[in-house]
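Colleague: Just passing along the structure, written as structure tokens.
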Amino acid sequence: MTEREFTAVTRRGFLKTGALAAAAAAPVLSRAARVSAATRVHDFMTSADLGKAEQEGEVVYYGHDGEAGIGVLLDAFKKDFPKIKTSYVRLQTGALYAKITAERSAGRFGVDVLQLSDISPAIDFQKKGGWELYMSPEYAAYKPEYLSTPPGYFGVPGVGFSGIAYNRGKVKPEQAPKTWKDINNPVFKDGVSAKLATSGMQHAQWYILRKMYGNDFWQEFAKQRPKGFDARAQLFDRLSKGDDRMCALAEYAGYTLFQEKGADIEFVAPPEGMPAIAIYIGVVNKAPHPEAAKLFVDWALSKRGQMVYQNQKILLYGSVRSDAGPMPTGKRLSDFKLLFPTDWNDYVASHPVFVKEWNSIMGL
Amino acid sequence: MELDHGALTRRGVELREGWLPGPQLVSLVVGGAAAVLVLYPIAYLIQASLSVGDPQARPPEAYGLDNFTGLGRYAHIFGNTLQVAAVATVLAVVVGFTMGWILSRTNVPGRAAFEQLMAMPYYVTPLMGALAWALIGAPSSGFINQAWQALGGKSHLIDINTAWGIAWVMALFEGSVAFVMIGAVMKSMDPSLEEASQVLGAGRLRTMLRITLPLVLPGVLGAAVFVFAEMLGSFSAALVLGLPSRFYVVTTAMYQLVSQYPPRFPTAAAMGVSLFAVMFAMVWIYRRIVRAGTYVTITGKAFRPRVMDVGPLRWPLLAICVGYLTVAVILPVLTIVYVSFQRLTMAFPRADNFTLDNYATALSLDAVRSALGNSLVLGVATATIGIFLMGFLSWLIYRSRIPGAGAIEYVLMFPQAVPRLVFAFGMLWAWLVFPIPIYGTLWLLLIAYLTVFLPLGLRTISGVILQIDKSLEESAQMCGASWGHRLRTVTMPLLKPGLVAAWLLLFIASVRELGASILLMGPKAKVITPAIVESWFSTSSELTAAMALLQTLAVVVALGVLFAVARRAVQQGGE
Amino acid sequence: MAQASIDVRDLVVRYGDVVAVRGVSFTVGAGEHVTLLGPSGCGKTTTLRAIAGLERPASGEIAIGGRPVFSSRPSVNVPAERRGLSMVFQSYAIWPHMSVFDNVAYGLRVRKRPEAEVTSRVREALELVQLGDLSARSASRLSGGQQQRVALARAFVFGPSVLLFDEPLSNLDAKLRAEMRVELKELQRRLDITSVYVTHDLEEALAISDRIVVMRDGVIEQVGDPSEIYDRPRNTFVADFVGSANLIRGRRRTDLERDGQVVIETAGGSLVHGTAVGRPAGAEALMAVRTVRLRLERTRPATPVNAWAARIRRRVFQGDFTQYHVDWDGGRLIVRSAAGEPMAEGEEVFVSADPRHCVVLEE
């Protein structure tokens with residue numbers, strides 16, 4: 001398709017043409033699929049033209065991590081590539097995706113790299129032709145289940161998982177939750193927190209526990225009058241101060257960070273397993289700085305970048321690179337019982353149901 | 001140019017009707033542009049609210065009223081909004097009236113100082129006030145409640161995360177306008193009216209009930225309606241304090257609806273339009289009250305009211321004044337300062353809990369540095385462009401005699417009836433599709449700020465303009481000065497001190513703005529107040545406190561510098 | 001200095017629904033000093049401002065120096081700044097942010113006069129108003145009287161052809177006002193510019209005017225020079241407004257009239273001889289006699305007519321004169337008498353008046 005046709009398509013409305021694009025195979029959008037030679041930069045492989053990337057001089061990153069987390073990530077990139085400036089927008093995945101789609105529907109293409117924490121918007125973006133088809137040489141280090149279908153749209157720079165956490169000072173030992181069913185214990189009414197419907201992790205937990213315990217499970221949870229928040233830092237902040245007694249979606253990474261600060265909190269890994277999500281990163285189509293974008297994605301997925309994602313306390317994602325080392329706590333992902341959705345199509349289709357139900361559980 | 005009299009009138013004869021002399025053409029153009037600025041986003045808002053069918057499609061696939069009829073399931077949110085706004089208004093008016101009374105009618109010591117200090121809560125900003133009170137009054141971890149529990153109390157003494165808590169914070173930090181308006185009403189009342197009552201034998205209480213109160217009441221009522229309209233659109237307090245307890249008002253609900261995927265723009269727009277309609281009605285009522293009576297005056301002499309000797313009552317009244325300032329300024333600021341130095345906030349300080357890490361992190365965050373810089377730049381730009389634009393518009397509406405001035409005033413006061421967030425929502429839509437790429441840049445924020453601050457600027461500057469006696473301009477006219485010359489040599493220099501005050505007001509308003517900016521920011525157009533909110537939601541309260549304090553510090557320093565410059569400018573003008 | 005005449009014809013000015021000036025016509029000759037006199041609300045200030053160009057009339061014509069500056073048909077409206085007039089405002093309207101010098105120099109600078117000329121003319125003007133040594137002072141630090149002089153200087157320094165005054169002395173206290181009145185007249189004669197003056201103060205009007213236009217409720221009641229207005233008022237309003245007058249009504253006694261006099265017989269039977277001053281007198285007539293024109297004596301005066309017996313009811317001492325309230329003819333007369341030998345209350349006296357001072361009024 002020519003540039004103008006493509007633009008006209010995005011203006012007319014997504015879903016019709018999105019379906020079209022998804023139905024048509026990769027060849028239709030293969031303008032950018034030409035494979036260029038991979039070069040070694042620092043200690044990783046990239047197909048981006050480093051010279052051009054430095055000429056572009058900038059990369060615009062849209063991500064869902066907390067401000068401090070993104071700050072750490074971008075600072076690490078800047079240290080490796082001082083000639084490339086970074087700027088970012090941080091919003092929880094739902095809000096982030098809403099923003100980028102609104103912008104693109106109005107013909108504004110200002111984003112280079114997008115990172116999401118939920119598979120549904122990632123696949124939706126793929127359908128809409130939002131990802132640039134780019135075969136990062138670093139994909140070689142990842143098992144096929146951690147790449148997009150077909151590969152080349154996005155990769156998985158990390159995995160997060162959540163258990164339960166509670167405030168030791170506010171919860172008596174005999175009341176302490178042990179399994180997932182315990183989050184519905186009436187003793188926690190008005191004292192339990194979780195994330196809002198904008199969170200990818202929350203979607204995953206909802207889906208998995210629903211499959212495990214049936215639809216009624218979350219209706220019971222609604223009776224607890226849970227409080228919803230935007231980021232794990234907030235959840236743990238409140239938990240540490242005792243504003244909440246128990247957190248039903250306690251990300252392992254958040255727990256580690258706050259425990260180091262001296263918070264009186266305890267983490268529980270329920271025996272059924274812990275819902276896990278992958279985070280997804282990719283180059284955005286029609287990026288203003290395409291070479292810098294490719295460079296960034298290659299860097300993020302490389303061993304070098306993965307060290308940042310995994311070892312920086314404020315990020316602490318488990319890496320799924322085949323050659324990744326252990327997390328700073330000494331544990332590996334394989335040490336935990338992680339629960340992923342099995343039927344991805346069903347999972348994606350459940351998203352609107354999730355949003356509606358979760359909103360009403362949270363009082364909106 | 002020799003003004004030969006004969007030539008003058010000869011030329012005068014040639015000036016026939018039908019040719020628009022300079023001022024009229026310019027004013028029509030400027031007035032028209034301002035009107036477009038205001039109405040363009042509103043049009044988009046209304047269009048979005050009527051969009052049925054696919055909520056993502058733009059332009060809308062189909063039009064209908066479904067979004068409005070579907071608002072029924074959000075009835076509790078509308079109820080919340082009205083409840084919070086009503087309580088906040090009552091609190092603000094009571095506080096405003098009490099403080100106004102104490103500071104202008106009694107002989108409580110230090111009145112002049114207090115009157116200046118009454119502006120402080122405005123500078124603390126509603127966001128910082130909400131953050132501080134969240135830390136003070138959270139049901140479990142709030143300082144007051146921890147102290148209460150330490151003293152043996154059960155559960156909590158206050159819960160700031162309730163409707164009353166939100167209303168309390170709103171009244172404290174957004175209600176100072178009530179004080180200003182009621183104070184103005186009190187100053188415009190002729191004290192001899194009360195003196196006459198007392199001379200005829202009525203005691204103080206009777207005088208107050210029979211004479212003062214009825215005279216002051218309409219003005220107070222007008223202020224109450226105005227404040228209510230403002231409270232309906234409040235955002236910061238409800239965002240920080242309401243979300244944790246699932247308490248939504250219309251503005252925060254709108255924010256949530258557009259921040260998730262898939263976003264529900266039409267529903268949010270319908271909510272926004274409903275709120276707009278109510279606020280519009282309120283403002284209309286307010287203007288009726290003001291027009292209907294000779295009570296509230298913008299112009300007119302300010303009387304010096306007779307001060308009552310309240311004897312020993314002085315001290316309890318002084319305590320009230322001090323108490324207000326403590327609750328609205330001292331306590332919040334101290335809390336923020338304290339928390340910003342903590343690793344993990346506790347009510348009872350431990351030596352090992354103090355740290356400078358929060359400041360180190362805050363200053364290292366590119367977001368904070370660039371946001372602070374952006375905010376200051378934007379503040380200066382908004383204030384500077386604002387006073388010229390609004391000064392000209394004020395002169396146009398209140399002093400020139402072009403036809404349609406009243407209509408222009410009406411349109412320009414529109415944003416008063418629109419909650420900032422709702423307006424930003426319309427702007428988001430409107431400017432997203434605009435061919436000029438200002439979306440996501442500071443330019444968009446500048447335009448948004450100038451538009452939403454139009455009522456504020458117009459009110460302030462017109463108050464200054466109307467204080468200038470018309471005859472000062474007329475005498476310049478009689479000396480032969482054209483309207484441009486008059487504006488330059490007489491009107492503007494006389495306005496200078498007032499314009500400086502208006503500049504400062506706009507600067508502060510711009511830096512503290514949240515509702516308009518939170519939706520319109522872009523990767524390179526971050527400003528500090530939404531950044532503080534983002535920090536509150538995605539990092540720790542300690543870091544947020546540090547950021548809030550840095551913002552305040554930056555503003556104070558900037559103001560200090562600017563004040564020094566301004567004072568010199570005012571001095572030069574006065575000679 | 002230039003002089004111009006002013007021609008006002010059928011002027012109508014409206015404020016919303018209220019008609020402030022209802023068809024006023026008069027002329028001011030070049031170099032003449034005319035005063036618009038009347039109570040508040042009579043439309044005098046509005047008329048003045050219409051001439052200035054600060055109010056827009058609904059209809060009528062105003063011409064200055066023969067050229068129309070306002071006309072409703074054909075439509076003409078010259079803006080105020082181009083009419084070549086000048087005005088002294090009631091509130092002086094001195095600009096507080098400028099010095100005295102800059103205030104006065106304003107009009108010259110607007111006309112882009114060279115700075116040397118400006119300096120000399122301003123200095124001259126300030127000398128004329130006796131403020132020569134204050135030129136550098138900030139205008140915000142002047143007393144009322146000083147502000148008034150600055151306003152004056154500012155008004156005439158650039159040589160306008162007409163000077164308009166809007167009650168310039170009404171904000172001063174009585175003594176200052178009296179002094180300024182004289183100075184103003186001095187200045188007027190010296191400058192010799194056409195001037196239109198508005199006031200409600202009778203003494204002021206009488207002192208400084210060549211002609212007076214008496215107005216009430218938007219219309220002109222009488223036009224004439226000061227002595228005419230004073231000695232021969234046209235109707236009750238003018239008689240009563242311009243100085244205090246006694247009004248005497250009576251039946252015409254044409255049988256007793258000779259030499260052009262008018263004789264009326266009051267209800268109480270007294271005969272009053274007066275002048276008609278060219279006004280038609282019907283079967284009944286109303287006469288006005290100024291209080292100062294009545295004489296009080298203890299013995300019957302030797303005049304053939306207009307001498308009546310009366311009794312003093314009240315005596316009010318007023319310093320420069322004494323006012324006597326006198327019972328006469330079943331009614332009352334007020335007599336103002338220069339302080340001389342006081343007469344006691346209750347005394348029987350004689351009141352007399354020269355027939356020339358008993359004027360028939362129009363009704």
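By convention in this document, the chains of the structure tokens carry letters A, B, ... by their order, each chain's residues are numbered from 1, and ligands are numbered from 1 in the order they are shown.
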So that I can check the surroundings of B:Ile385, please list as a VMD selection string every protein, DNA and RNA residue that reaches within 12 Å of it, counting only C-alpha atoms and ignoring chain neighbours fewer than 2 positions away.
Modeller: chain B and resid 378 to 383 387 to 392 446 to 447 449 to 451 453 to 454 457 499 502 to 503 506 to 507
Colleague: I'd like the contact shell of C:Arg232 - 10 Å cut-off, only C-alpha atoms, skipping same-chain residues fewer than 4 positions apart - returned as an MDAnalysis selection string.
Modeller: chainID C and resid 224 226:228 238:239 275:277 288:290 356:361
Colleague: Create the file for the chosen residues now, containing C-alpha atoms and written as a short mmCIF file (atom, residue, chain, number, x, y, z; two decimals), in the first residue's frame.
Modeller:
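File out_11.cif, as written:
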data_model
loop_
_atom_site.label_atom_id
_atom_site.label_comp_id
_atom_site.auth_asym_id
_atom_site.auth_seq_id
_atom_site.Cartn_x
_atom_site.Cartn_y
_atom_site.Cartn_z
CA GLY C 224 -29.78 86.19 28.31
CA PRO C 226 -26.55 88.04 33.63
CA SER C 227 -28.46 91.21 34.46
CA GLU C 228 -31.31 90.20 32.21
CA VAL C 238 -35.90 81.15 36.67
CA ALA C 239 -37.06 83.73 39.13
CA THR C 275 -43.09 96.21 34.38
CA ALA C 276 -44.12 93.82 31.66
CA VAL C 277 -40.73 93.71 29.92
CA ALA C 288 -41.66 88.56 40.86
CA VAL C 289 -39.80 90.93 43.16
CA ARG C 290 -36.26 90.09 44.30
CA ARG C 356 -38.94 98.55 37.61
CA HIS C 357 -38.04 95.70 39.91
CA CYS C 358 -41.47 94.13 39.90
CA VAL C 359 -41.39 91.93 36.84
CA VAL C 360 -44.28 90.13 35.20
CA LEU C 361 -43.57 86.44 34.65
#
Colleague: Write out as JSON lines the residues of chain C that have any atom within 9 Å of an atom of chain B, one row each with the nearest atom pair and its distance in Å to one decimal, counting only C-alpha atoms, sorted by chain and then rising number.
Modeller:
{"residue": "C:Ala2", "atom": "CA", "partner": "B:His5", "partner_atom": "CA", "distance": 8.4}
{"residue": "C:Ala4", "atom": "CA", "partner": "B:His5", "partner_atom": "CA", "distance": 9.0}
{"residue": "C:Ala52", "atom": "CA", "partner": "B:Met478", "partner_atom": "CA", "distance": 7.6}
{"residue": "C:Gly53", "atom": "CA", "partner": "B:Met478", "partner_atom": "CA", "distance": 8.7}
{"residue": "C:Leu54", "atom": "CA", "partner": "B:Glu474", "partner_atom": "CA", "distance": 7.5}
{"residue": "C:Ile64", "atom": "CA", "partner": "B:Thr9", "partner_atom": "CA", "distance": 8.0}
{"residue": "C:Gly65", "atom": "CA", "partner": "B:Gly6", "partner_atom": "CA", "distance": 7.8}
{"residue": "C:Arg67", "atom": "CA", "partner": "B:Thr9", "partner_atom": "CA", "distance": 6.1}
{"residue": "C:Pro68", "atom": "CA", "partner": "B:Val13", "partner_atom": "CA", "distance": 6.8}
{"residue": "C:Val69", "atom": "CA", "partner": "B:Thr9", "partner_atom": "CA", "distance": 6.6}
{"residue": "C:Phe70", "atom": "CA", "partner": "B:Val13", "partner_atom": "CA", "distance": 8.6}
{"residue": "C:Pro74", "atom": "CA", "partner": "B:Arg16", "partner_atom": "CA", "distance": 8.8}
{"residue": "C:Ser75", "atom": "CA", "partner": "B:Arg16", "partner_atom": "CA", "distance": 6.5}
{"residue": "C:Val76", "atom": "CA", "partner": "B:Arg16", "partner_atom": "CA", "distance": 5.7}
{"residue": "C:Asn77", "atom": "CA", "partner": "B:Arg16", "partner_atom": "CA", "distance": 7.3}
{"residue": "C:Val78", "atom": "CA", "partner": "B:Gly12", "partner_atom": "CA", "distance": 5.0}
{"residue": "C:Pro79", "atom": "CA", "partner": "B:Gly12", "partner_atom": "CA", "distance": 7.9}
{"residue": "C:Ala80", "atom": "CA", "partner": "B:Met478", "partner_atom": "CA", "distance": 6.2}
{"residue": "C:Glu81", "atom": "CA", "partner": "B:Gly480", "partner_atom": "CA", "distance": 4.0}
{"residue": "C:Arg82", "atom": "CA", "partner": "B:Leu8", "partner_atom": "CA", "distance": 6.1}
{"residue": "C:Arg83", "atom": "CA", "partner": "B:Thr9", "partner_atom": "CA", "distance": 6.3}
{"residue": "C:Gly84", "atom": "CA", "partner": "B:His5", "partner_atom": "CA", "distance": 5.8}
{"residue": "C:Leu85", "atom": "CA", "partner": "B:Met478", "partner_atom": "CA", "distance": 6.6}
{"residue": "C:Ser86", "atom": "CA", "partner": "B:Met478", "partner_atom": "CA", "distance": 5.3}
{"residue": "C:Met87", "atom": "CA", "partner": "B:Met478", "partner_atom": "CA", "distance": 6.2}
{"residue": "C:Val88", "atom": "CA", "partner": "B:Ser475", "partner_atom": "CA", "distance": 7.8}
{"residue": "C:Phe89", "atom": "CA", "partner": "B:Ser471", "partner_atom": "CA", "distance": 7.2}
{"residue": "C:Gln90", "atom": "CA", "partner": "B:Ser471", "partner_atom": "CA", "distance": 8.9}
{"residue": "C:Ser91", "atom": "CA", "partner": "B:Ser471", "partner_atom": "CA", "distance": 7.6}
{"residue": "C:Tyr92", "atom": "CA", "partner": "B:Ser471", "partner_atom": "CA", "distance": 8.2}
{"residue": "C:Ala93", "atom": "CA", "partner": "B:Leu472", "partner_atom": "CA", "distance": 4.8}
{"residue": "C:Ile94", "atom": "CA", "partner": "B:Leu472", "partner_atom": "CA", "distance": 6.9}
{"residue": "C:Trp95", "atom": "CA", "partner": "B:Leu472", "partner_atom": "CA", "distance": 6.6}
{"residue": "C:Pro96", "atom": "CA", "partner": "B:Gly574", "partner_atom": "CA", "distance": 7.7}
{"residue": "C:His97", "atom": "CA", "partner": "B:Gly574", "partner_atom": "CA", "distance": 4.9}
{"residue": "C:Met98", "atom": "CA", "partner": "B:Glu575", "partner_atom": "CA", "distance": 6.2}
{"residue": "C:Ser99", "atom": "CA", "partner": "B:Glu575", "partner_atom": "CA", "distance": 7.2}
{"residue": "C:Tyr106", "atom": "CA", "partner": "B:Cys479", "partner_atom": "CA", "distance": 7.1}
{"residue": "C:Gly107", "atom": "CA", "partner": "B:Cys479", "partner_atom": "CA", "distance": 4.7}
{"residue": "C:Leu108", "atom": "CA", "partner": "B:Cys479", "partner_atom": "CA", "distance": 8.2}
{"residue": "C:Val110", "atom": "CA", "partner": "B:Ala481", "partner_atom": "CA", "distance": 5.9}
{"residue": "C:Arg111", "atom": "CA", "partner": "B:Met1", "partner_atom": "CA", "distance": 5.9}
{"residue": "C:Lys112", "atom": "CA", "partner": "B:Met1", "partner_atom": "CA", "distance": 6.3}
{"residue": "C:Arg113", "atom": "CA", "partner": "B:Met1", "partner_atom": "CA", "distance": 7.8}
{"residue": "C:Ser138", "atom": "CA", "partner": "B:Glu575", "partner_atom": "CA", "distance": 6.6}
{"residue": "C:Arg154", "atom": "CA", "partner": "B:Cys479", "partner_atom": "CA", "distance": 8.2}
{"residue": "C:Ala155", "atom": "CA", "partner": "B:Cys479", "partner_atom": "CA", "distance": 7.3}
{"residue": "C:Phe158", "atom": "CA", "partner": "B:Cys479", "partner_atom": "CA", "distance": 8.3}
{"residue": "C:Pro160", "atom": "CA", "partner": "B:His5", "partner_atom": "CA", "distance": 8.1}
{"residue": "C:Ser161", "atom": "CA", "partner": "B:His5", "partner_atom": "CA", "distance": 7.4}
Colleague: Could you list, as a PyMOL selection string, the residues of chain B having an atom within 7 Å of chain A when counting only C-alpha atoms?
Modeller: chain B and resi 57+139-141+244-246+259-263+343-344+365+432-433+522-524+535+537-540
Colleague: Since we have the selection now, will you write its residues out, keeping N, CA and C atoms, as a PDB file, in the first residue's frame?
Modeller:
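See part_15.pdb below for the written result:
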ATOM      1  N   ALA B  57     -14.940   5.343  16.751  1.00  0.00           N
ATOM      2  CA  ALA B  57     -14.957   5.928  15.407  1.00  0.00           C
ATOM      3  C   ALA B  57     -14.956   7.440  15.482  1.00  0.00           C
ATOM      4  N   PRO B 139      -7.273   6.862  57.238  1.00  0.00           N
ATOM      5  CA  PRO B 139      -7.896   6.224  58.400  1.00  0.00           C
ATOM      6  C   PRO B 139      -6.956   5.374  59.230  1.00  0.00           C
ATOM      7  N   SER B 140      -5.970   4.758  58.564  1.00  0.00           N
ATOM      8  CA  SER B 140      -5.111   3.890  59.357  1.00  0.00           C
ATOM      9  C   SER B 140      -3.752   4.506  59.608  1.00  0.00           C
ATOM     10  N   SER B 141      -3.170   5.065  58.565  1.00  0.00           N
ATOM     11  CA  SER B 141      -1.792   5.517  58.694  1.00  0.00           C
ATOM     12  C   SER B 141      -1.676   7.015  58.884  1.00  0.00           C
ATOM     13  N   PRO B 244      -8.987   6.008  46.484  1.00  0.00           N
ATOM     14  CA  PRO B 244      -8.704   4.904  47.400  1.00  0.00           C
ATOM     15  C   PRO B 244      -9.941   4.345  48.072  1.00  0.00           C
ATOM     16  N   SER B 245     -11.006   5.109  48.125  1.00  0.00           N
ATOM     17  CA  SER B 245     -12.170   4.565  48.803  1.00  0.00           C
ATOM     18  C   SER B 245     -13.320   4.377  47.828  1.00  0.00           C
ATOM     19  N   ARG B 246     -12.974   4.200  46.560  1.00  0.00           N
ATOM     20  CA  ARG B 246     -13.967   3.919  45.534  1.00  0.00           C
ATOM     21  C   ARG B 246     -15.010   5.018  45.439  1.00  0.00           C
ATOM     22  N   SER B 259      -9.149   6.741  30.556  1.00  0.00           N
ATOM     23  CA  SER B 259      -7.794   6.255  30.777  1.00  0.00           C
ATOM     24  C   SER B 259      -7.685   4.756  30.698  1.00  0.00           C
ATOM     25  N   GLN B 260      -8.737   4.085  30.317  1.00  0.00           N
ATOM     26  CA  GLN B 260      -8.618   2.641  30.233  1.00  0.00           C
ATOM     27  C   GLN B 260      -8.795   2.216  28.786  1.00  0.00           C
ATOM     28  N   TYR B 261      -8.506   0.947  28.571  1.00  0.00           N
ATOM     29  CA  TYR B 261      -8.689   0.458  27.218  1.00  0.00           C
ATOM     30  C   TYR B 261      -9.769  -0.610  27.222  1.00  0.00           C
ATOM     31  N   PRO B 262     -10.770  -0.536  26.407  1.00  0.00           N
ATOM     32  CA  PRO B 262     -11.021   0.561  25.466  1.00  0.00           C
ATOM     33  C   PRO B 262     -11.605   1.794  26.157  1.00  0.00           C
ATOM     34  N   PRO B 263     -11.186   2.964  25.751  1.00  0.00           N
ATOM     35  CA  PRO B 263     -11.671   4.182  26.410  1.00  0.00           C
ATOM     36  C   PRO B 263     -13.123   4.442  26.057  1.00  0.00           C
ATOM     37  N   ARG B 343      12.171   7.647  54.965  1.00  0.00           N
ATOM     38  CA  ARG B 343      12.325   6.507  54.072  1.00  0.00           C
ATOM     39  C   ARG B 343      10.977   5.835  53.895  1.00  0.00           C
ATOM     40  N   LEU B 344      10.362   5.595  55.045  1.00  0.00           N
ATOM     41  CA  LEU B 344       9.031   4.986  55.048  1.00  0.00           C
ATOM     42  C   LEU B 344       8.238   5.719  56.111  1.00  0.00           C
ATOM     43  N   LEU B 365      15.408  12.459  38.541  1.00  0.00           N
ATOM     44  CA  LEU B 365      14.393  12.075  37.576  1.00  0.00           C
ATOM     45  C   LEU B 365      14.275  13.141  36.505  1.00  0.00           C
ATOM     46  N   LEU B 432      -6.525  17.385  18.577  1.00  0.00           N
ATOM     47  CA  LEU B 432      -5.947  16.151  18.058  1.00  0.00           C
ATOM     48  C   LEU B 432      -6.043  16.137  16.547  1.00  0.00           C
ATOM     49  N   VAL B 433      -7.171  16.652  16.030  1.00  0.00           N
ATOM     50  CA  VAL B 433      -7.379  16.596  14.587  1.00  0.00           C
ATOM     51  C   VAL B 433      -6.969  17.876  13.889  1.00  0.00           C
ATOM     52  N   GLY B 522       2.281  15.575  26.806  1.00  0.00           N
ATOM     53  CA  GLY B 522       2.903  14.681  25.845  1.00  0.00           C
ATOM     54  C   GLY B 522       4.275  14.302  26.365  1.00  0.00           C
ATOM     55  N   PRO B 523       5.006  13.475  25.628  1.00  0.00           N
ATOM     56  CA  PRO B 523       6.304  13.032  26.144  1.00  0.00           C
ATOM     57  C   PRO B 523       7.264  14.186  26.391  1.00  0.00           C
ATOM     58  N   LYS B 524       7.174  15.210  25.570  1.00  0.00           N
ATOM     59  CA  LYS B 524       8.083  16.330  25.788  1.00  0.00           C
ATOM     60  C   LYS B 524       7.379  17.522  26.389  1.00  0.00           C
ATOM     61  N   SER B 535       3.327  10.639  40.192  1.00  0.00           N
ATOM     62  CA  SER B 535       4.247  10.105  41.179  1.00  0.00           C
ATOM     63  C   SER B 535       3.479   9.511  42.350  1.00  0.00           C
ATOM     64  N   PHE B 537       0.672   8.161  42.318  1.00  0.00           N
ATOM     65  CA  PHE B 537       0.049   6.901  41.954  1.00  0.00           C
ATOM     66  C   PHE B 537       1.050   5.823  41.599  1.00  0.00           C
ATOM     67  N   SER B 538       2.263   6.178  41.272  1.00  0.00           N
ATOM     68  CA  SER B 538       3.151   5.115  40.800  1.00  0.00           C
ATOM     69  C   SER B 538       4.441   5.025  41.579  1.00  0.00           C
ATOM     70  N   THR B 539       4.662   5.898  42.533  1.00  0.00           N
ATOM     71  CA  THR B 539       5.843   5.716  43.379  1.00  0.00           C
ATOM     72  C   THR B 539       5.398   5.867  44.820  1.00  0.00           C
ATOM     73  N   SER B 540       6.304   6.211  45.683  1.00  0.00           N
ATOM     74  CA  SER B 540       5.941   6.268  47.092  1.00  0.00           C
ATOM     75  C   SER B 540       5.488   7.676  47.478  1.00  0.00           C
TER      76      SER B 540
END
Colleague: Just the helix (DSSP H, G or I) stuff from stretch 28-246 of chain B, please, per backbone DSSP, written as a PyMOL selection string.
Modeller: chain B and resi 28-49+66-105+111-117+120-124+126-137+143-150+163-174+176-187+192-199+204-232+236-245
Colleague: Which residues in stretch 49-184 of chain A does DSSP call strand (DSSP E or B)? List them as JSON, numbers by chain.
Modeller: {"A": [58, 59, 60, 61, 62, 63, 85, 86, 87, 88, 89, 90, 113, 114, 115, 116, 131, 147, 155, 156, 157, 158, 159, 160, 161, 162, 163, 164, 165, 166, 167]}
Colleague: List the spatial neighbours of A:Ala165 as a PDB file with C-alpha atoms, in the first residue's frame - criterion: any atom at most 9 Å away, only C-alpha atoms, same-chain residues fewer than 5 positions off excluded.
Modeller:
ATOM      1  CA  PRO A 177      -3.962 -15.840  53.844  1.00  0.00           C
ATOM      2  CA  PHE A 236       2.770  -1.478  48.630  1.00  0.00           C
ATOM      3  CA  LEU A 239       0.200  -1.847  52.645  1.00  0.00           C
ATOM      4  CA  ARG A 245      -4.351  -4.933  55.528  1.00  0.00           C
ATOM      5  CA  MET A 246      -3.943  -7.227  52.580  1.00  0.00           C
ATOM      6  CA  CYS A 247      -3.068  -6.820  48.930  1.00  0.00           C
ATOM      7  CA  ALA A 248      -4.691  -9.331  46.594  1.00  0.00           C
ATOM      8  CA  LEU A 249      -2.418  -8.602  43.640  1.00  0.00           C
ATOM      9  CA  ALA A 250       1.001  -8.334  45.189  1.00  0.00           C
ATOM     10  CA  GLU A 251       3.700  -8.315  42.549  1.00  0.00           C
ATOM     11  CA  TYR A 255       7.305  -6.764  47.582  1.00  0.00           C
ATOM     12  CA  ILE A 265       4.977  -6.968  55.143  1.00  0.00           C
ATOM     13  CA  GLU A 266       4.858 -10.650  54.273  1.00  0.00           C
ATOM     14  CA  PHE A 267       4.610 -12.279  50.835  1.00  0.00           C
ATOM     15  CA  VAL A 268       2.589 -15.407  50.219  1.00  0.00           C
ATOM     16  CA  ALA A 269       3.063 -17.651  47.170  1.00  0.00           C
TER      17      ALA A 269
END
Colleague: Please identify all polymer residues within 9 Å of stretch 416-419 of chain B, counting only C-alpha atoms, omitting same-chain residues fewer than 2 positions from it, and present them as a VMD selection string.
Modeller: chain B and resid 42 229 to 235 251 272 to 273 275 to 283 412 to 414 421 to 424 452 to 456 515 to 516
Colleague: Considering only C-alpha atoms, return as a list in words whatever protein or nucleic-acid residues lie within 9 Å of B:Leu127, sequence-local ones (same chain, fewer than 6 positions apart) excluded.
Modeller: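 Skipping anything fewer than 6 positions along the chain leaves Phe173, Ser236, Ala237, Val240, Arg512, Leu514, Thr529, Ile532, Val533 and Ala548 of chain B.
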